[in-house]
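Listing of target.cif, mmCIF, C-alpha atoms
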```cif
data_start
loop_
_atom_site.label_atom_id
_atom_site.label_comp_id
_atom_site.auth_asym_id
_atom_site.auth_seq_id
_atom_site.Cartn_x
_atom_site.Cartn_y
_atom_site.Cartn_z
CA MET A 4 -195.48 0.70 -65.11
CA ASN A 5 -192.09 -0.15 -66.49
CA ARG A 6 -191.79 -1.85 -69.90
CA PRO A 7 -192.51 -5.57 -69.58
CA ALA A 8 -190.41 -8.12 -71.40
CA GLY A 9 -191.68 -8.71 -74.92
CA PHE A 10 -193.39 -11.99 -75.75
CA PHE A 11 -190.47 -13.12 -77.91
CA GLU A 12 -188.00 -12.19 -75.15
CA GLN A 13 -189.39 -15.08 -73.07
CA PRO A 14 -188.46 -18.35 -74.85
CA PHE A 15 -190.58 -20.69 -72.71
CA TRP A 16 -193.78 -18.72 -73.32
CA THR A 17 -192.93 -18.37 -77.00
CA ALA A 18 -192.58 -22.15 -77.38
CA LEU A 19 -195.76 -22.81 -75.40
CA GLY A 20 -197.68 -20.23 -77.45
CA LEU A 21 -196.51 -21.75 -80.73
CA LEU A 22 -197.59 -25.21 -79.57
CA VAL A 23 -201.06 -23.92 -78.66
CA VAL A 24 -201.42 -22.05 -81.95
CA CYS A 25 -200.39 -25.10 -83.98
CA ALA A 26 -202.44 -27.67 -82.02
CA GLY A 27 -205.83 -27.16 -83.68
CA PRO A 28 -204.71 -27.22 -87.31
CA VAL A 29 -202.40 -30.19 -86.68
CA ILE A 30 -205.20 -32.19 -85.00
CA LEU A 31 -207.58 -31.32 -87.84
CA LEU A 32 -205.01 -32.25 -90.48
CA ALA A 33 -204.30 -35.61 -88.79
CA GLY A 34 -208.01 -36.43 -88.69
CA VAL A 35 -208.74 -35.43 -92.29
CA SER A 36 -205.57 -36.91 -93.82
CA GLY A 37 -206.22 -40.47 -92.69
CA TYR A 38 -203.38 -40.80 -90.19
CA ILE A 39 -205.90 -41.91 -87.58
CA PRO A 40 -207.98 -45.15 -87.64
CA ASP A 41 -211.56 -44.74 -88.92
CA GLU A 42 -213.21 -45.36 -85.53
CA ASP A 43 -211.30 -42.38 -83.99
CA ARG A 44 -211.44 -40.05 -86.99
CA PHE A 45 -214.80 -38.36 -86.20
CA GLY A 46 -213.73 -37.40 -82.65
CA LEU A 47 -210.40 -36.10 -83.85
CA VAL A 48 -211.95 -34.01 -86.64
CA VAL A 49 -214.44 -32.49 -84.16
CA THR A 50 -211.58 -31.73 -81.75
CA GLY A 51 -209.63 -30.09 -84.56
CA LEU A 52 -212.66 -28.03 -85.60
CA VAL A 53 -213.04 -26.78 -82.03
CA TRP A 54 -209.35 -26.09 -81.46
CA THR A 55 -208.66 -24.33 -84.78
CA PRO A 56 -210.89 -21.28 -84.12
CA PHE A 57 -209.55 -21.18 -80.56
CA THR A 58 -205.97 -21.00 -81.83
CA VAL A 59 -206.93 -18.30 -84.33
CA VAL A 60 -208.39 -16.23 -81.46
CA VAL A 61 -205.22 -16.74 -79.39
CA LEU A 62 -203.07 -15.65 -82.32
CA VAL A 63 -205.22 -12.56 -83.01
CA LEU A 64 -205.13 -11.55 -79.32
CA ALA A 65 -201.34 -11.91 -79.24
CA VAL A 66 -200.91 -9.75 -82.36
CA VAL A 67 -203.39 -7.09 -81.17
CA GLY A 68 -201.73 -7.00 -77.73
CA THR A 69 -198.28 -6.62 -79.26
CA VAL A 70 -199.44 -3.80 -81.53
CA ARG A 71 -201.10 -2.05 -78.57
CA ASP A 72 -197.98 -2.37 -76.41
CA ARG A 73 -195.77 -0.94 -79.14
CA ARG A 74 -198.16 1.98 -79.58
CA VAL A 75 -198.18 2.71 -75.84
CA TRP A 76 -194.39 2.65 -75.56
CA ARG A 77 -194.05 4.79 -78.72
CA GLU A 78 -196.41 7.27 -77.06
CA LEU A 79 -194.07 7.37 -74.05
CA ASP A 80 -191.17 8.06 -76.43
CA THR A 81 -192.97 11.03 -78.00
CA ALA A 82 -194.94 12.51 -75.07
CA GLY A 83 -192.76 11.43 -72.14
CA VAL A 84 -191.17 13.87 -69.72
CA ARG A 85 -187.66 13.12 -68.46
CA VAL A 86 -187.33 13.62 -64.71
CA MET A 87 -184.90 12.43 -62.06
CA GLY A 88 -185.97 9.70 -59.65
CA GLU A 89 -184.25 9.48 -56.29
CA VAL A 90 -183.37 6.10 -54.78
CA THR A 91 -184.90 5.81 -51.31
CA SER A 92 -183.62 2.30 -50.57
CA ALA A 93 -181.44 -0.31 -52.25
CA ARG A 94 -181.03 -4.00 -51.44
CA ARG A 95 -178.87 -6.64 -53.15
CA VAL A 96 -180.92 -9.62 -54.41
CA TRP A 97 -180.40 -12.62 -56.65
CA CYS A 98 -181.68 -12.47 -60.25
CA GLY A 99 -181.35 -16.08 -61.32
CA GLU A 100 -177.61 -16.74 -61.13
CA ASP A 101 -176.61 -13.07 -61.12
CA ARG A 102 -176.72 -10.40 -58.47
CA CYS A 103 -178.98 -7.37 -58.87
CA THR A 104 -179.97 -4.41 -56.78
CA ARG A 105 -183.65 -3.83 -56.00
CA VAL A 106 -184.07 -0.08 -55.76
CA ARG A 107 -187.08 1.79 -54.49
CA MET A 108 -187.36 5.25 -56.00
CA LEU A 109 -189.38 8.38 -55.44
CA VAL A 110 -190.23 10.08 -58.74
CA THR A 111 -191.47 13.67 -58.82
CA VAL A 112 -193.23 14.87 -61.98
CA PRO A 113 -194.27 18.49 -62.46
CA GLY A 114 -198.05 18.83 -62.21
CA ARG A 115 -198.57 15.38 -60.64
CA PRO A 116 -198.16 14.00 -57.14
CA PRO A 117 -194.87 12.16 -56.52
CA PHE A 118 -195.02 8.38 -56.74
CA ALA A 119 -192.85 5.49 -55.56
CA THR A 120 -191.64 2.68 -57.79
CA SER A 121 -189.35 -0.32 -57.59
CA HIS A 122 -186.83 -1.55 -60.17
CA LEU A 123 -184.16 -4.21 -60.52
CA VAL A 124 -180.76 -2.85 -61.53
CA HIS A 125 -178.75 -5.66 -63.13
CA GLY A 126 -175.03 -6.03 -62.70
CA GLU A 127 -172.46 -5.61 -59.98
CA GLU A 128 -172.88 -1.85 -59.72
CA ILE A 129 -173.59 -0.78 -56.15
CA VAL A 130 -176.53 1.60 -55.92
CA GLU A 131 -176.90 3.64 -52.77
CA ALA A 132 -179.81 5.58 -51.31
CA GLY A 133 -179.81 9.15 -52.60
CA THR A 134 -178.57 8.18 -56.08
CA ARG A 135 -180.57 9.82 -58.86
CA PHE A 136 -181.61 8.05 -62.08
CA PRO A 137 -183.28 9.60 -65.13
CA VAL A 138 -186.84 8.33 -65.64
CA ASP A 139 -189.19 8.87 -68.61
CA VAL A 140 -192.74 9.52 -67.35
CA HIS A 141 -195.92 10.03 -69.35
CA PRO A 142 -197.50 13.32 -68.25
CA THR A 143 -201.07 11.99 -67.91
CA ARG A 144 -200.91 8.18 -67.79
CA ASP A 145 -199.36 5.86 -65.18
CA LEU A 146 -196.55 4.88 -67.51
CA PHE A 147 -192.81 5.23 -66.85
CA ARG A 148 -189.44 3.56 -67.43
CA LEU A 149 -185.83 4.00 -66.44
CA VAL A 150 -183.87 5.76 -69.17
CA PRO A 151 -181.50 3.38 -70.99
CA GLU A 152 -177.81 4.08 -70.69
CA PRO A 153 -176.13 4.72 -74.06
CA SER A 154 -172.91 3.12 -72.78
CA THR A 155 -174.60 -0.27 -72.26
CA GLY A 156 -176.15 -0.48 -75.70
CA GLY A 157 -179.63 0.45 -74.55
CA ALA A 158 -179.86 -1.84 -71.53
CA SER A 159 -181.57 -0.34 -68.54
CA ARG A 160 -179.48 0.49 -65.47
#
```
Would you mind writing the file's structure down as structure tokens?
Amino acid sequence: MNRPAGFFEQPFWTALGLLVVCAGPVILLAGVSGYIPDEDRFGLVVTGLVWTPFTVVVLVLAVVGTVRDRRVWRELDTAGVRVMGEVTSARRVWCGEDRCTRVRMLVTVPGRPPFATSHLVHGEEIVEAGTRFPVDVHPTRDLFRLVPEPSTGGASR
């Protein structure tokens, strides 16, 4: 599994998550503060009381998931083995408005059976079959990532 984009690297999901997290307390505050007519206040307060714990659970799950993901990727940094993956096929595809290359790779790790993986290589660089890329692989877990290039400021190939 290659590193997924972080929650805050996806602006749409960040905005949607913040709206969900704020919904319960805002509804509860509107009902209690008197912004709503008396005949609707009871329903709004009940809705706020239901949504507020829900939003707290969503927030806790997001924080726990982020902490877990950081721990897993840190473990790959410390226990990972660097091997070379060989490109078995490459095909140019569109990535939004840019061109990318979808590469299929065969990665061989000492002490484990070889496995195949697929990655998107961003940019105009032409990748051909037979090209070798460095890959960090965890020795016991199904966890791997392409090694970042120092020349691109840490962006993956």
Residues selected by the PyMOL selection byres ((chain A and resi 49-54) around 6), written as a PyMOL selection string:
chain A and resi 27+30-31+46-48+55-57
Nearest residue to A:Thr91 from the set A:Val138, A:Val61, A:Cys25, A:Leu109 (distances using only C-alpha atoms)
A:Leu109
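Atom CA of A:Val24 lies 10.3 Å from atom CA of A:Val63.
Counting only C-alpha atoms, the residue from A:Met108, A:Val96, A:Val75, A:Cys103 that sits nearest to A:His125 is A:Cys103.
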Shell around stretch 110-123 of chain A at 9 Å using all atoms listed in the file, local window under 6 positions removed, as number ranges by chain
A: 4-5, 84-90, 96, 98, 103-104, 138, 140, 142-143, 149, 160
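Atom CA of A:Val59 lies 18.7 Å from atom CA of A:Gly34.
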Please determine, counting only C-alpha atoms, which residue among A:Ala132, A:Thr58, A:Ala65, A:Arg102 has the shortest atom-to-atom distance to A:Val29.
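Among A:Ala132, A:Thr58, A:Ala65, A:Arg102, it is A:Thr58 that comes nearest to A:Val29.
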Go through the shown structure with the PyMOL selection byres ((chain A and resi 78) around 12) and write out the matching residues as a short mmCIF file (atom, residue, chain, number, x, y, z; two decimals) with C-alpha atoms, in the coordinates of the input.
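Result written to result28.cif:
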```cif
data_model
loop_
_atom_site.label_atom_id
_atom_site.label_comp_id
_atom_site.auth_asym_id
_atom_site.auth_seq_id
_atom_site.Cartn_x
_atom_site.Cartn_y
_atom_site.Cartn_z
CA ARG A 71 -201.10 -2.05 -78.57
CA ASP A 72 -197.98 -2.37 -76.41
CA ARG A 73 -195.77 -0.94 -79.14
CA ARG A 74 -198.16 1.98 -79.58
CA VAL A 75 -198.18 2.71 -75.84
CA TRP A 76 -194.39 2.65 -75.56
CA ARG A 77 -194.05 4.79 -78.72
CA LEU A 79 -194.07 7.37 -74.05
CA ASP A 80 -191.17 8.06 -76.43
CA THR A 81 -192.97 11.03 -78.00
CA ALA A 82 -194.94 12.51 -75.07
CA GLY A 83 -192.76 11.43 -72.14
CA VAL A 84 -191.17 13.87 -69.72
CA ASP A 139 -189.19 8.87 -68.61
CA VAL A 140 -192.74 9.52 -67.35
CA HIS A 141 -195.92 10.03 -69.35
CA PRO A 142 -197.50 13.32 -68.25
CA THR A 143 -201.07 11.99 -67.91
CA ARG A 144 -200.91 8.18 -67.79
CA LEU A 146 -196.55 4.88 -67.51
CA PHE A 147 -192.81 5.23 -66.85
#
```
Nearest to A:Val130 by atom-to-atom distance, counting all atoms listed in the file, from A:Glu100, A:Arg94, A:Arg148, A:Glu42:
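Answer, going by the shortest atom-to-atom distance: A:Arg94.
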What does the structure give for the distance between atom CA of A:Glu128 and atom CA of A:Ser92, in Å to one decimal?
14.7 Å
Determine the nearest neighbour of A:Thr134 from the options A:Asp101, A:Leu62, A:Arg107, A:Leu22, counting only C-alpha atoms.
A:Arg107
All heavy atoms for stretch 14-25 of chain A, written as a PDB file, in the frame of the given file, could you do that?
```pdb
ATOM      1  N   PRO A  14    -188.443 -17.156 -73.999  1.00  0.00           N
ATOM      2  CA  PRO A  14    -188.460 -18.350 -74.850  1.00  0.00           C
ATOM      3  C   PRO A  14    -189.464 -19.418 -74.432  1.00  0.00           C
ATOM      4  O   PRO A  14    -190.081 -20.037 -75.287  1.00  0.00           O
ATOM      5  CB  PRO A  14    -187.036 -18.888 -74.749  1.00  0.00           C
ATOM      6  CG  PRO A  14    -186.225 -17.801 -74.180  1.00  0.00           C
ATOM      7  CD  PRO A  14    -187.139 -16.869 -73.462  1.00  0.00           C
ATOM      8  N   PHE A  15    -189.646 -19.652 -73.148  1.00  0.00           N
ATOM      9  CA  PHE A  15    -190.580 -20.690 -72.710  1.00  0.00           C
ATOM     10  C   PHE A  15    -191.994 -20.352 -73.159  1.00  0.00           C
ATOM     11  O   PHE A  15    -192.704 -21.195 -73.702  1.00  0.00           O
ATOM     12  CB  PHE A  15    -190.537 -20.846 -71.185  1.00  0.00           C
ATOM     13  CG  PHE A  15    -191.608 -21.765 -70.662  1.00  0.00           C
ATOM     14  CD1 PHE A  15    -191.474 -23.134 -70.802  1.00  0.00           C
ATOM     15  CD2 PHE A  15    -192.752 -21.266 -70.065  1.00  0.00           C
ATOM     16  CE1 PHE A  15    -192.459 -23.995 -70.338  1.00  0.00           C
ATOM     17  CE2 PHE A  15    -193.745 -22.110 -69.596  1.00  0.00           C
ATOM     18  CZ  PHE A  15    -193.600 -23.477 -69.736  1.00  0.00           C
ATOM     19  N   TRP A  16    -192.426 -19.115 -72.949  1.00  0.00           N
ATOM     20  CA  TRP A  16    -193.780 -18.720 -73.320  1.00  0.00           C
ATOM     21  C   TRP A  16    -193.943 -18.677 -74.834  1.00  0.00           C
ATOM     22  O   TRP A  16    -195.014 -18.954 -75.357  1.00  0.00           O
ATOM     23  CB  TRP A  16    -194.145 -17.372 -72.694  1.00  0.00           C
ATOM     24  CG  TRP A  16    -194.214 -17.474 -71.207  1.00  0.00           C
ATOM     25  CD1 TRP A  16    -193.381 -16.878 -70.295  1.00  0.00           C
ATOM     26  CD2 TRP A  16    -195.134 -18.260 -70.438  1.00  0.00           C
ATOM     27  NE1 TRP A  16    -193.733 -17.232 -69.033  1.00  0.00           N
ATOM     28  CE2 TRP A  16    -194.810 -18.080 -69.081  1.00  0.00           C
ATOM     29  CE3 TRP A  16    -196.188 -19.089 -70.768  1.00  0.00           C
ATOM     30  CZ2 TRP A  16    -195.515 -18.700 -68.066  1.00  0.00           C
ATOM     31  CZ3 TRP A  16    -196.889 -19.706 -69.746  1.00  0.00           C
ATOM     32  CH2 TRP A  16    -196.553 -19.515 -68.415  1.00  0.00           C
ATOM     33  N   THR A  17    -192.879 -18.349 -75.540  1.00  0.00           N
ATOM     34  CA  THR A  17    -192.930 -18.370 -77.000  1.00  0.00           C
ATOM     35  C   THR A  17    -193.179 -19.795 -77.494  1.00  0.00           C
ATOM     36  O   THR A  17    -194.050 -20.032 -78.329  1.00  0.00           O
ATOM     37  CB  THR A  17    -191.623 -17.831 -77.591  1.00  0.00           C
ATOM     38  OG1 THR A  17    -191.430 -16.497 -77.136  1.00  0.00           O
ATOM     39  CG2 THR A  17    -191.659 -17.848 -79.108  1.00  0.00           C
ATOM     40  N   ALA A  18    -192.419 -20.750 -76.967  1.00  0.00           N
ATOM     41  CA  ALA A  18    -192.580 -22.150 -77.380  1.00  0.00           C
ATOM     42  C   ALA A  18    -193.973 -22.667 -77.023  1.00  0.00           C
ATOM     43  O   ALA A  18    -194.633 -23.323 -77.839  1.00  0.00           O
ATOM     44  CB  ALA A  18    -191.506 -23.011 -76.739  1.00  0.00           C
ATOM     45  N   LEU A  19    -194.437 -22.368 -75.823  1.00  0.00           N
ATOM     46  CA  LEU A  19    -195.760 -22.810 -75.400  1.00  0.00           C
ATOM     47  C   LEU A  19    -196.845 -22.179 -76.280  1.00  0.00           C
ATOM     48  O   LEU A  19    -197.792 -22.854 -76.698  1.00  0.00           O
ATOM     49  CB  LEU A  19    -195.997 -22.452 -73.927  1.00  0.00           C
ATOM     50  CG  LEU A  19    -197.294 -22.957 -73.316  1.00  0.00           C
ATOM     51  CD1 LEU A  19    -197.327 -24.481 -73.343  1.00  0.00           C
ATOM     52  CD2 LEU A  19    -197.439 -22.436 -71.896  1.00  0.00           C
ATOM     53  N   GLY A  20    -196.709 -20.900 -76.580  1.00  0.00           N
ATOM     54  CA  GLY A  20    -197.680 -20.230 -77.450  1.00  0.00           C
ATOM     55  C   GLY A  20    -197.712 -20.823 -78.844  1.00  0.00           C
ATOM     56  O   GLY A  20    -198.781 -21.002 -79.429  1.00  0.00           O
ATOM     57  N   LEU A  21    -196.553 -21.150 -79.398  1.00  0.00           N
ATOM     58  CA  LEU A  21    -196.510 -21.750 -80.730  1.00  0.00           C
ATOM     59  C   LEU A  21    -197.139 -23.137 -80.733  1.00  0.00           C
ATOM     60  O   LEU A  21    -197.814 -23.517 -81.695  1.00  0.00           O
ATOM     61  CB  LEU A  21    -195.069 -21.801 -81.240  1.00  0.00           C
ATOM     62  CG  LEU A  21    -194.464 -20.446 -81.589  1.00  0.00           C
ATOM     63  CD1 LEU A  21    -192.984 -20.597 -81.938  1.00  0.00           C
ATOM     64  CD2 LEU A  21    -195.216 -19.781 -82.717  1.00  0.00           C
ATOM     65  N   LEU A  22    -196.944 -23.902 -79.658  1.00  0.00           N
ATOM     66  CA  LEU A  22    -197.590 -25.210 -79.570  1.00  0.00           C
ATOM     67  C   LEU A  22    -199.112 -25.082 -79.528  1.00  0.00           C
ATOM     68  O   LEU A  22    -199.828 -25.828 -80.191  1.00  0.00           O
ATOM     69  CB  LEU A  22    -197.102 -25.959 -78.326  1.00  0.00           C
ATOM     70  CG  LEU A  22    -195.725 -26.575 -78.421  1.00  0.00           C
ATOM     71  CD1 LEU A  22    -195.307 -27.152 -77.068  1.00  0.00           C
ATOM     72  CD2 LEU A  22    -195.687 -27.649 -79.482  1.00  0.00           C
ATOM     73  N   VAL A  23    -199.616 -24.125 -78.757  1.00  0.00           N
ATOM     74  CA  VAL A  23    -201.060 -23.920 -78.660  1.00  0.00           C
ATOM     75  C   VAL A  23    -201.623 -23.469 -80.001  1.00  0.00           C
ATOM     76  O   VAL A  23    -202.664 -23.948 -80.452  1.00  0.00           O
ATOM     77  CB  VAL A  23    -201.396 -22.905 -77.546  1.00  0.00           C
ATOM     78  CG1 VAL A  23    -202.845 -22.458 -77.620  1.00  0.00           C
ATOM     79  CG2 VAL A  23    -201.104 -23.513 -76.192  1.00  0.00           C
ATOM     80  N   VAL A  24    -200.933 -22.558 -80.669  1.00  0.00           N
ATOM     81  CA  VAL A  24    -201.420 -22.050 -81.950  1.00  0.00           C
ATOM     82  C   VAL A  24    -201.424 -23.134 -83.018  1.00  0.00           C
ATOM     83  O   VAL A  24    -202.311 -23.172 -83.865  1.00  0.00           O
ATOM     84  CB  VAL A  24    -200.582 -20.823 -82.391  1.00  0.00           C
ATOM     85  CG1 VAL A  24    -200.840 -20.458 -83.824  1.00  0.00           C
ATOM     86  CG2 VAL A  24    -200.881 -19.640 -81.483  1.00  0.00           C
ATOM     87  N   CYS A  25    -200.467 -24.052 -82.967  1.00  0.00           N
ATOM     88  CA  CYS A  25    -200.390 -25.100 -83.980  1.00  0.00           C
ATOM     89  C   CYS A  25    -201.260 -26.314 -83.662  1.00  0.00           C
ATOM     90  O   CYS A  25    -201.518 -27.133 -84.550  1.00  0.00           O
ATOM     91  CB  CYS A  25    -198.937 -25.573 -84.122  1.00  0.00           C
ATOM     92  SG  CYS A  25    -197.862 -24.314 -84.808  1.00  0.00           S
TER      93      CYS A  25
END
```
